[in-house]
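Shown next: upload.pdb, containing PDB, C-alpha atoms.
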MODEL        1
ATOM      1  CA  MET A   1      49.708 -88.666 -15.055
ATOM      2  CA  HIS A   2      52.813 -88.244 -12.892
ATOM      3  CA  ALA A   3      54.324 -85.043 -11.579
ATOM      4  CA  GLY A   4      57.497 -83.862 -13.283
ATOM      5  CA  ALA A   5      60.867 -84.139 -11.654
ATOM      6  CA  ASN A   6      61.076 -80.385 -11.013
ATOM      7  CA  SER A   7      57.552 -79.953  -9.707
ATOM      8  CA  SER A   8      57.035 -78.789  -6.141
ATOM      9  CA  PRO A   9      53.965 -79.013  -3.943
ATOM     10  CA  ALA A  10      51.986 -75.791  -3.617
ATOM     11  CA  VAL A  11      52.689 -74.023  -0.325
ATOM     12  CA  GLU A  12      50.300 -71.420   1.025
ATOM     13  CA  GLU A  13      51.547 -68.268   2.685
ATOM     14  CA  THR A  14      51.514 -68.230   6.470
ATOM     15  CA  VAL A  15      50.863 -64.851   8.085
ATOM     16  CA  PHE A  16      51.986 -63.958  11.601
ATOM     17  CA  ARG A  17      50.841 -60.645  13.103
ATOM     18  CA  PRO A  18      52.302 -59.302  16.354
ATOM     19  CA  PRO A  19      50.137 -57.573  18.993
ATOM     20  CA  ARG A  20      49.716 -54.027  17.670
ATOM     21  CA  ALA A  21      46.951 -52.391  19.692
ATOM     22  CA  LEU A  22      49.216 -50.740  22.284
ATOM     23  CA  GLY A  23      51.600 -49.321  19.662
ATOM     24  CA  VAL A  24      48.733 -48.010  17.517
ATOM     25  CA  ILE A  25      47.021 -46.382  20.505
ATOM     26  CA  ALA A  26      50.245 -44.717  21.715
ATOM     27  CA  GLY A  27      51.327 -43.525  18.259
ATOM     28  CA  GLY A  28      47.808 -42.418  17.343
ATOM     29  CA  ALA A  29      47.494 -40.480  20.593
ATOM     30  CA  ILE A  30      50.683 -38.515  19.856
ATOM     31  CA  ALA A  31      49.508 -37.839  16.285
ATOM     32  CA  ALA A  32      46.106 -36.657  17.535
ATOM     33  CA  TRP A  33      47.676 -34.504  20.278
ATOM     34  CA  SER A  34      49.953 -32.823  17.721
ATOM     35  CA  ALA A  35      47.055 -32.209  15.326
ATOM     36  CA  VAL A  36      44.858 -30.653  18.027
ATOM     37  CA  PHE A  37      47.559 -28.262  19.186
ATOM     38  CA  ALA A  38      48.415 -27.421  15.557
ATOM     39  CA  VAL A  39      44.804 -26.352  15.018
ATOM     40  CA  LEU A  40      44.887 -24.292  18.225
ATOM     41  CA  CYS A  41      48.042 -22.523  17.027
ATOM     42  CA  VAL A  42      46.357 -21.744  13.706
ATOM     43  CA  PHE A  43      43.375 -20.224  15.541
ATOM     44  CA  ILE A  44      45.765 -18.084  17.559
ATOM     45  CA  ALA A  45      47.725 -16.935  14.494
ATOM     46  CA  VAL A  46      44.802 -16.207  12.149
ATOM     47  CA  GLY A  47      43.723 -12.598  12.544
ATOM     48  CA  ALA A  48      46.461 -11.776  15.049
ATOM     49  CA  PRO A  49      48.596  -8.677  14.463
ATOM     50  CA  ALA A  50      51.845  -9.184  12.589
ATOM     51  CA  GLU A  51      54.429  -9.550  15.343
ATOM     52  CA  PHE A  52      57.011 -12.072  16.486
ATOM     53  CA  ARG A  53      54.508 -13.944  18.661
ATOM     54  CA  THR A  54      52.324 -14.472  15.609
ATOM     55  CA  PHE A  55      55.307 -15.848  13.731
ATOM     56  CA  LEU A  56      55.964 -18.245  16.608
ATOM     57  CA  ALA A  57      52.336 -19.409  16.456
ATOM     58  CA  TRP A  58      52.610 -20.117  12.715
ATOM     59  CA  ALA A  59      55.952 -21.859  13.216
ATOM     60  CA  ALA A  60      54.489 -24.016  16.012
ATOM     61  CA  ALA A  61      51.465 -24.888  13.868
ATOM     62  CA  THR A  62      53.700 -25.965  10.994
ATOM     63  CA  THR A  63      56.002 -28.001  13.235
ATOM     64  CA  LEU A  64      53.112 -29.729  14.997
ATOM     65  CA  THR A  65      51.419 -30.516  11.679
ATOM     66  CA  VAL A  66      54.580 -32.182  10.380
ATOM     67  CA  LEU A  67      54.961 -34.048  13.686
ATOM     68  CA  SER A  68      51.367 -35.269  13.474
ATOM     69  CA  LEU A  69      51.858 -36.535   9.912
ATOM     70  CA  VAL A  70      55.082 -38.311  10.880
ATOM     71  CA  PHE A  71      53.447 -40.119  13.810
ATOM     72  CA  LEU A  72      50.406 -40.887  11.677
ATOM     73  CA  ASN A  73      52.722 -42.607   9.210
ATOM     74  CA  TRP A  74      54.451 -44.543  11.989
ATOM     75  CA  THR A  75      51.095 -45.512  13.495
ATOM     76  CA  TYR A  76      49.945 -46.824  10.125
ATOM     77  CA  SER A  77      53.199 -48.758   9.861
ATOM     78  CA  ILE A  78      52.592 -50.398  13.246
ATOM     79  CA  ALA A  79      49.032 -51.283  12.242
ATOM     80  CA  THR A  80      50.284 -53.017   9.084
ATOM     81  CA  LEU A  81      53.259 -54.797  10.688
ATOM     82  CA  SER A  82      53.205 -58.469   9.703
ATOM     83  CA  TYR A  83      55.511 -61.375   8.927
ATOM     84  CA  VAL A  84      54.494 -63.424   5.893
ATOM     85  CA  ILE A  85      56.237 -66.757   5.280
ATOM     86  CA  GLY A  86      55.966 -67.605   1.587
ATOM     87  CA  ARG A  87      57.368 -70.404  -0.527
ATOM     88  CA  ASP A  88      60.868 -68.994  -0.797
ATOM     89  CA  ALA A  89      61.017 -65.937   1.467
ATOM     90  CA  LEU A  90      60.036 -64.326   4.726
ATOM     91  CA  GLU A  91      58.458 -60.948   4.037
ATOM     92  CA  ILE A  92      58.377 -58.332   6.802
ATOM     93  CA  THR A  93      55.828 -55.597   6.085
ATOM     94  CA  TRP A  94      56.252 -52.266   7.882
ATOM     95  CA  GLY A  95      54.003 -49.585   6.430
ATOM     96  CA  PHE A  96      55.207 -48.659   2.968
ATOM     97  CA  ARG A  97      58.319 -50.839   3.275
ATOM     98  CA  ARG A  98      58.795 -54.564   2.766
ATOM     99  CA  VAL A  99      61.892 -56.534   3.760
ATOM    100  CA  ILE A 100      62.405 -59.708   1.722
ATOM    101  CA  VAL A 101      64.476 -62.401   3.479
ATOM    102  CA  PRO A 102      65.152 -65.574   1.435
ATOM    103  CA  ILE A 103      64.391 -68.741   3.409
ATOM    104  CA  GLU A 104      67.665 -70.297   2.263
ATOM    105  CA  ASN A 105      69.587 -67.428   3.902
ATOM    106  CA  ILE A 106      68.110 -68.081   7.350
ATOM    107  CA  GLN A 107      70.676 -69.911   9.478
ATOM    108  CA  ARG A 108      68.911 -70.202  12.830
ATOM    109  CA  MET A 109      66.155 -68.788  15.042
ATOM    110  CA  VAL A 110      66.876 -67.757  18.614
ATOM    111  CA  PRO A 111      64.150 -67.224  21.270
ATOM    112  CA  GLY A 112      64.392 -63.850  22.976
ATOM    113  CA  ARG A 113      64.307 -65.381  26.461
ATOM    114  CA  THR A 114      67.802 -66.821  25.873
ATOM    115  CA  VAL A 115      69.378 -63.455  25.038
ATOM    116  CA  ASP A 116      69.907 -60.327  27.117
ATOM    117  CA  GLU A 117      67.444 -57.587  26.189
ATOM    118  CA  PRO A 118      69.303 -55.015  24.041
ATOM    119  CA  ARG A 119      68.794 -51.279  23.758
ATOM    120  CA  VAL A 120      67.111 -50.473  20.450
ATOM    121  CA  GLU A 121      68.153 -47.305  18.633
ATOM    122  CA  GLY A 122      65.252 -45.945  16.607
ATOM    123  CA  LEU A 123      61.517 -45.736  17.299
ATOM    124  CA  ASN A 124      60.871 -46.717  20.893
ATOM    125  CA  TRP A 125      57.580 -46.332  22.683
ATOM    126  CA  TRP A 126      54.968 -48.645  24.199
ATOM    127  CA  GLY A 127      54.172 -51.287  21.607
ATOM    128  CA  CYS A 128      56.707 -50.054  19.038
ATOM    129  CA  HIS A 129      60.391 -50.998  18.771
ATOM    130  CA  VAL A 130      61.705 -50.409  15.270
ATOM    131  CA  GLY A 131      65.387 -49.745  14.744
ATOM    132  CA  VAL A 132      68.754 -51.399  15.219
ATOM    133  CA  ALA A 133      70.704 -52.927  18.098
ATOM    134  CA  ASP A 134      73.880 -54.871  18.706
ATOM    135  CA  VAL A 135      72.598 -58.041  20.364
ATOM    136  CA  ARG A 136      75.025 -60.152  22.344
ATOM    137  CA  ARG A 137      75.777 -63.537  20.667
ATOM    138  CA  ILE A 138      73.762 -62.471  17.621
ATOM    139  CA  GLY A 139      75.312 -59.229  16.359
ATOM    140  CA  TYR A 140      73.801 -56.448  14.276
ATOM    141  CA  THR A 141      70.024 -56.811  14.441
ATOM    142  CA  LEU A 142      67.124 -55.000  12.797
ATOM    143  CA  PHE A 143      64.069 -54.717  15.034
ATOM    144  CA  TYR A 144      60.524 -54.848  13.653
ATOM    145  CA  SER A 145      58.862 -55.546  16.952
ATOM    146  CA  THR A 146      56.041 -54.594  19.302
ATOM    147  CA  HIS A 147      57.301 -56.652  22.240
ATOM    148  CA  GLY A 148      56.745 -55.780  25.866
ATOM    149  CA  ALA A 149      59.109 -58.419  27.284
ATOM    150  CA  PRO A 150      62.228 -60.214  25.937
ATOM    151  CA  GLU A 151      60.474 -63.596  25.803
ATOM    152  CA  GLU A 152      58.099 -62.231  23.160
ATOM    153  CA  LEU A 153      61.020 -61.776  20.739
ATOM    154  CA  LEU A 154      62.252 -64.232  18.166
ATOM    155  CA  TYR A 155      65.578 -63.546  16.463
ATOM    156  CA  VAL A 156      65.810 -64.672  12.835
ATOM    157  CA  VAL A 157      69.521 -64.879  12.014
ATOM    158  CA  THR A 158      70.651 -64.848   8.378
ATOM    159  CA  ASP A 159      74.071 -64.979   6.758
ATOM    160  CA  ALA A 160      74.078 -61.171   6.523
ATOM    161  CA  GLU A 161      72.156 -59.774   9.499
ATOM    162  CA  ALA A 162      69.497 -60.673  12.044
ATOM    163  CA  TYR A 163      65.884 -59.597  12.543
ATOM    164  CA  ALA A 164      64.067 -59.290  15.850
ATOM    165  CA  LEU A 165      60.361 -60.076  15.498
ATOM    166  CA  THR A 166      57.494 -60.315  17.943
ATOM    167  CA  VAL A 167      55.994 -63.764  17.438
ATOM    168  CA  GLU A 168      53.382 -65.148  19.799
ATOM    169  CA  ASP A 169      53.515 -68.731  18.496
ATOM    170  CA  GLN A 170      57.252 -69.166  18.021
ATOM    171  CA  ALA A 171      56.998 -72.943  17.542
ATOM    172  CA  ALA A 172      54.562 -72.577  14.636
ATOM    173  CA  PHE A 173      56.735 -69.848  13.105
ATOM    174  CA  ALA A 174      59.859 -72.026  13.298
ATOM    175  CA  GLU A 175      58.019 -75.027  11.853
ATOM    176  CA  ALA A 176      56.787 -72.946   8.908
ATOM    177  CA  ILE A 177      60.324 -71.727   8.157
ATOM    178  CA  GLN A 178      61.819 -75.203   8.465
ATOM    179  CA  ALA A 179      59.139 -76.727   6.233
ATOM    180  CA  ARG A 180      59.969 -74.262   3.437
ATOM    181  CA  ALA A 181      63.697 -74.763   3.941
ATOM    182  CA  ALA A 182      63.274 -78.534   3.571
ATOM    183  CA  LEU A 183      61.597 -78.066   0.195
ATOM    184  CA  GLY A 184      64.512 -76.024  -1.143
ATOM    185  CA  PRO A 185      64.194 -72.782  -3.141
ATOM    186  CA  LEU A 186      61.834 -72.822  -6.107
ATOM    187  CA  ASP A 187      63.023 -69.507  -7.561
ATOM    188  CA  PHE A 188      65.954 -67.214  -6.893
ATOM    189  CA  THR A 189      65.025 -64.592  -4.285
ATOM    190  CA  MET A 190      67.209 -61.605  -3.501
ATOM    191  CA  HIS A 191      67.659 -60.369   0.056
ATOM    192  CA  ARG A 192      66.398 -56.794  -0.207
ATOM    193  CA  SER A 193      64.266 -53.973   1.165
ATOM    194  CA  VAL A 194      61.533 -52.551  -1.053
ATOM    195  CA  ALA A 195      59.717 -49.242  -0.575
ATOM    196  CA  THR A 196      56.323 -48.408  -2.072
ATOM    197  CA  GLY A 197      54.254 -45.253  -2.522
ATOM    198  CA  MET A 198      55.752 -41.966  -1.344
ATOM    199  CA  ALA A 199      58.429 -43.885   0.559
ATOM    200  CA  ALA A 200      59.874 -45.055  -2.773
ATOM    201  CA  LEU A 201      60.913 -41.527  -3.788
ATOM    202  CA  PRO A 202      64.735 -41.270  -4.039
ATOM    203  CA  PHE A 203      64.583 -38.002  -2.083
ATOM    204  CA  TRP A 204      64.270 -39.853   1.249
ATOM    205  CA  ARG A 205      67.544 -41.706   0.596
ATOM    206  CA  ASP A 206      69.520 -38.661  -0.591
ATOM    207  CA  ARG A 207      71.160 -36.909   2.368
ATOM    208  CA  VAL A 208      72.285 -34.001   0.205
ATOM    209  CA  ALA A 209      68.718 -33.381  -0.982
ATOM    210  CA  ILE A 210      67.340 -33.598   2.555
ATOM    211  CA  ALA A 211      70.024 -31.181   3.781
ATOM    212  CA  ALA A 212      69.223 -28.728   0.968
ATOM    213  CA  ALA A 213      65.506 -28.842   1.752
ATOM    214  CA  SER A 214      66.170 -28.420   5.484
ATOM    215  CA  LEU A 215      68.485 -25.428   5.003
ATOM    216  CA  SER A 216      65.970 -23.778   2.672
ATOM    217  CA  THR A 217      63.234 -24.240   5.261
ATOM    218  CA  ILE A 218      65.422 -22.762   8.000
ATOM    219  CA  ALA A 219      66.269 -19.792   5.775
ATOM    220  CA  CYS A 220      62.555 -19.188   5.145
ATOM    221  CA  ALA A 221      61.881 -19.295   8.886
ATOM    222  CA  ILE A 222      64.653 -16.736   9.514
ATOM    223  CA  LEU A 223      63.187 -14.457   6.844
ATOM    224  CA  ALA A 224      59.679 -14.682   8.288
ATOM    225  CA  GLY A 225      60.987 -14.209  11.828
ATOM    226  CA  TYR A 226      62.865 -11.051  10.814
ATOM    227  CA  VAL A 227      59.877  -9.548   9.010
ATOM    228  CA  PHE A 228      57.361 -10.331  11.752
ATOM    229  CA  GLY A 229      59.780  -9.338  14.510
ATOM    230  CA  ASN A 230      60.519  -5.885  13.086
ATOM    231  CA  TYR A 231      57.104  -5.138  11.621
ATOM    232  CA  PRO A 232      55.451  -3.673  14.774
ATOM    233  CA  GLY A 233      58.150  -0.976  15.005
ATOM    234  CA  LEU A 234      57.370   0.470  11.579
ATOM    235  CA  PRO A 235      55.193   3.567  11.124
ATOM    236  CA  ASP A 236      51.799   2.959   9.542
ATOM    237  CA  VAL A 237      52.942   4.659   6.343
ATOM    238  CA  VAL A 238      56.379   3.900   4.925
ATOM    239  CA  GLN A 239      58.543   4.897   1.982
ATOM    240  CA  ILE A 240      59.034   2.196  -0.626
ATOM    241  CA  ASN A 241      62.063   2.743  -2.853
ATOM    242  CA  TYR A 242      62.420   1.569  -6.455
ATOM    243  CA  PRO A 243      66.133   1.980  -7.290
ATOM    244  CA  ASP A 244      65.737   0.245 -10.670
ATOM    245  CA  LEU A 245      63.294   2.961 -11.732
ATOM    246  CA  GLY A 246      65.595   5.915 -11.183
ATOM    247  CA  GLY A 247      65.187   6.113  -7.427
ATOM    248  CA  ILE A 248      61.420   6.589  -7.445
ATOM    249  CA  VAL A 249      59.981   6.653  -3.951
ATOM    250  CA  ARG A 250      56.354   5.750  -3.229
ATOM    251  CA  ILE A 251      54.465   6.147   0.009
ATOM    252  CA  GLY A 252      52.487   3.080   0.956
ATOM    253  CA  ASP A 253      50.984   1.100   3.799
ATOM    254  CA  LYS A 254      53.528  -0.892   5.808
ATOM    255  CA  SER A 255      51.524  -4.080   5.274
ATOM    256  CA  GLU A 256      53.074  -4.242   1.793
ATOM    257  CA  LEU A 257      56.357  -5.230   3.413
ATOM    258  CA  LEU A 258      54.701  -8.399   4.752
ATOM    259  CA  ARG A 259      54.583  -9.629   1.175
ATOM    260  CA  ILE A 260      58.326 -10.276   1.375
ATOM    261  CA  ALA A 261      57.696 -13.090   3.868
ATOM    262  CA  GLN A 262      54.672 -14.304   1.903
ATOM    263  CA  VAL A 263      56.677 -14.473  -1.320
ATOM    264  CA  GLY A 264      59.470 -16.335   0.478
ATOM    265  CA  PHE A 265      57.044 -18.941   1.836
ATOM    266  CA  GLY A 266      55.417 -19.367  -1.584
ATOM    267  CA  ILE A 267      58.800 -19.896  -3.241
ATOM    268  CA  LEU A 268      59.759 -22.455  -0.579
ATOM    269  CA  VAL A 269      56.574 -24.518  -1.012
ATOM    270  CA  VAL A 270      56.719 -24.516  -4.827
ATOM    271  CA  ASN A 271      60.429 -25.344  -4.962
ATOM    272  CA  LEU A 272      60.187 -28.123  -2.377
ATOM    273  CA  VAL A 273      57.253 -29.809  -4.127
ATOM    274  CA  LEU A 274      58.768 -29.508  -7.607
ATOM    275  CA  GLY A 275      62.252 -30.351  -6.337
ATOM    276  CA  ILE A 276      61.149 -33.610  -4.692
ATOM    277  CA  ILE A 277      59.153 -34.647  -7.763
ATOM    278  CA  ILE A 278      61.860 -33.762 -10.286
ATOM    279  CA  HIS A 279      64.569 -35.306  -8.080
ATOM    280  CA  SER A 280      63.062 -38.741  -8.771
ATOM    281  CA  ARG A 281      63.819 -38.284 -12.486
ATOM    282  CA  GLU A 282      66.778 -35.927 -12.574
ATOM    283  CA  ARG A 283      68.782 -35.615  -9.367
ATOM    284  CA  ALA A 284      70.810 -32.559 -10.394
ATOM    285  CA  ALA A 285      67.733 -30.552 -11.393
ATOM    286  CA  GLY A 286      65.955 -31.550  -8.187
ATOM    287  CA  LEU A 287      68.919 -30.507  -6.046
ATOM    288  CA  TRP A 288      69.083 -27.177  -7.868
ATOM    289  CA  LEU A 289      65.424 -26.467  -7.113
ATOM    290  CA  LEU A 290      65.790 -27.474  -3.462
ATOM    291  CA  GLY A 291      68.957 -25.435  -3.004
ATOM    292  CA  SER A 292      67.788 -22.379  -4.981
ATOM    293  CA  ALA A 293      64.822 -22.025  -2.619
ATOM    294  CA  GLY A 294      67.284 -21.286   0.176
ATOM    295  CA  MET A 295      69.333 -18.880  -1.942
ATOM    296  CA  LEU A 296      66.191 -16.931  -2.821
ATOM    297  CA  GLN A 297      65.325 -16.717   0.881
ATOM    298  CA  VAL A 298      68.720 -15.100   1.490
ATOM    299  CA  VAL A 299      68.097 -12.589  -1.328
ATOM    300  CA  LEU A 300      64.670 -11.755   0.095
ATOM    301  CA  LEU A 301      66.159 -11.396   3.578
ATOM    302  CA  ALA A 302      68.707  -8.883   2.266
ATOM    303  CA  ALA A 303      65.898  -7.006   0.507
ATOM    304  CA  ALA A 304      63.825  -7.027   3.705
ATOM    305  CA  ILE A 305      66.716  -5.624   5.761
ATOM    306  CA  VAL A 306      67.243  -2.775   3.299
ATOM    307  CA  ALA A 307      63.511  -2.054   3.022
ATOM    308  CA  PHE A 308      63.001  -1.976   6.802
ATOM    309  CA  GLU A 309      66.000   0.280   7.357
ATOM    310  CA  ARG A 310      64.835   2.783   4.731
ATOM    311  CA  ALA A 311      61.228   2.672   5.889
TER     312      ALA A 311
ENDMDL
END

Can I see the file as structure tokens?
Amino acid sequence: MHAGANSSPAVEETVFRPPRALGVIAGGAIAAWSAVFAVLCVFIAVGAPAEFRTFLAWAAATTLTVLSLVFLNWTYSIATLSYVIGRDALEITWGFRRVIVPIENIQRMVPGRTVDEPRVEGLNWWGCHVGVADVRRIGYTLFYSTHGAPEELLYVVTDAEAYALTVEDQAAFAEAIQARAALGPLDFTMHRSVATGMAALPFWRDRVAIAAASLSTIACAILAGYVFGNYPGLPDVVQINYPDLGGIVRIGDKSELLRIAQVGFGILVVNLVLGIIIHSRERAAGLWLLGSAGMLQVVLLAAAIVAFERA
């Protein structure tokens, strides 16, 4: 039996992994530091009297928690960074994102020692250089690198853009690419970037949605700051007006006014979660939920101002 004219020899994937220990240690340390201080802020805020300093403790705890999660994600991305050379494409894996580069699109490979070291705009710390740079003689370049010196870099130049990778055995990498190129493409492969998991949600690529969520969060913080900042100056017993019920006035404990901030935070959390989920199916409905959270914070802020002045 003879092989058909269109048959092609099976080619196994070749995996190249850059040194990642330093980047993982540095990123993990920042994530751990943020988490520890977030917990400390929670301990300070829980049980503390309602005042502006308590609000600042809660705000710091929230900010540090988000920071810890962000660096945890980046640390995971460094740990999973790899370059896989398949039959028809080079696949760069960075956390929940994969960049597919067709072999036939690769024009040349340039060792980093022959090019001036550029300044990368993006994530930059020891063992992590992920972002973009304008490299002399190469042009616009995407960095997925953990290099510590320019000679550790290998530039993969395509007909569209270039990629800067950290490859220890650059000769073996180049040979693997050239061997696949000599075989010719077996199937059509599109040059693309693919996100998986939470990173695949359209929300992260929608600047309007991100802006709406950010403004709603800021509005909630302003509401909480106003309530906590003015709360200590209230008498223990306050008058609570009900204008919709014929001007009925009830005497109650001032702690009831704290519910305004609690309601605002609850609305923000529910709207953000539902808005991000629904945005993936219906953008307009998702934007409405994200934006309405901020509008409701403004309404609650107006109600808080009136209530505090009358109290």

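The shell of residues at most 8 Å from Ala304 in chain A, with only C-alpha atoms counted and near chain neighbours (fewer than 2 positions) removed, consists of Val227, Leu257, Ile260, Leu300, Leu301, Ala302, Val306, Ala307 and Phe308 of chain A.
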
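Nearest residue to Pro150 in chain A, choosing from A:Ser280, A:Ser214, A:Asn124, A:Thr114 and counting all atoms listed in the file: A:Thr114.
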
For this structure, which residues satisfy the selection - the PyMOL selection byres ((chain A and resi 264-270) around 10) - when it is evaluated on the file as given? I want them as a count of residues only. 30

Set the distance at 7 Å and use only C-alpha atoms: which residues neighbour range 181-186 of chain A once local chain neighbours fewer than 3 positions away are removed? I'd like the list as a JSON list (two decimals) with C-alpha atoms, keeping the file's coordinate frame.
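The resulting file, around-v8.json, is shown below:
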[["chain", "number", "residue", "atom", "x", "y", "z"],
["A", 88, "ASP", "CA", 60.87, -68.99, -0.80],
["A", 103, "ILE", "CA", 64.39, -68.74, 3.41],
["A", 104, "GLU", "CA", 67.67, -70.30, 2.26],
["A", 177, "ILE", "CA", 60.32, -71.73, 8.16],
["A", 178, "GLN", "CA", 61.82, -75.20, 8.46]]

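For the pair CA of Trp74 in chain A and CA of Asp169 in chain A, the interatomic distance is 25.1 Å.
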
Quick check on the file I pasted: which residues fall under the PyMOL selection byres ((chain A and resi 120) around 7)? Write them as a PyMOL selection string. chain A and resi 118-119+121-122+129+131-133

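Here CA of Ala29 in chain A stands at a distance of 9.4 Å from CA of Thr75 in chain A.
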
Glu152 in chain A: which residues within 9 Å, counting only C-alpha atoms, same-chain residues fewer than 2 positions away excluded, as an mmCIF file with C-alpha atoms, in the frame of the given file?
data_model
loop_
_atom_site.group_PDB
_atom_site.id
_atom_site.type_symbol
_atom_site.label_atom_id
_atom_site.label_comp_id
_atom_site.auth_asym_id
_atom_site.auth_seq_id
_atom_site.Cartn_x
_atom_site.Cartn_y
_atom_site.Cartn_z
ATOM 1 C CA PRO A 111 64.150 -67.224 21.270
ATOM 2 C CA GLY A 112 64.392 -63.850 22.976
ATOM 3 C CA ARG A 113 64.307 -65.381 26.461
ATOM 4 C CA THR A 146 56.041 -54.594 19.302
ATOM 5 C CA HIS A 147 57.301 -56.652 22.240
ATOM 6 C CA GLY A 148 56.745 -55.780 25.866
ATOM 7 C CA ALA A 149 59.109 -58.419 27.284
ATOM 8 C CA PRO A 150 62.228 -60.214 25.937
ATOM 9 C CA LEU A 154 62.252 -64.232 18.166
ATOM 10 C CA LEU A 165 60.361 -60.076 15.498
ATOM 11 C CA THR A 166 57.494 -60.315 17.943
ATOM 12 C CA VAL A 167 55.994 -63.764 17.438
ATOM 13 C CA GLU A 168 53.382 -65.148 19.799
ATOM 14 C CA GLN A 170 57.252 -69.166 18.021
#

CA of Ile305 in chain A and CA of Lys254 in chain A are how many Å apart? 14.0 Å

Could I get the residues of range 104-168 of chain A with an atom no further than 12 Å from an atom of range 58-71 of chain A, each paired with its nearest atom pair and that distance in Å to one decimal, using only C-alpha atoms, sorted by chain and residue number, as a tab-separated table?
residue	atom	partner	partner_atom	distance
A:Leu123	CA	A:Phe71	CA	10.4
A:Trp125	CA	A:Phe71	CA	11.6
A:Cys128	CA	A:Phe71	CA	11.7

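Counting only C-alpha atoms and comparing A:Asp134, A:Glu309, A:Ser145, A:Gly225, the residue that lies closest to Gly23 in chain A is A:Ser145.
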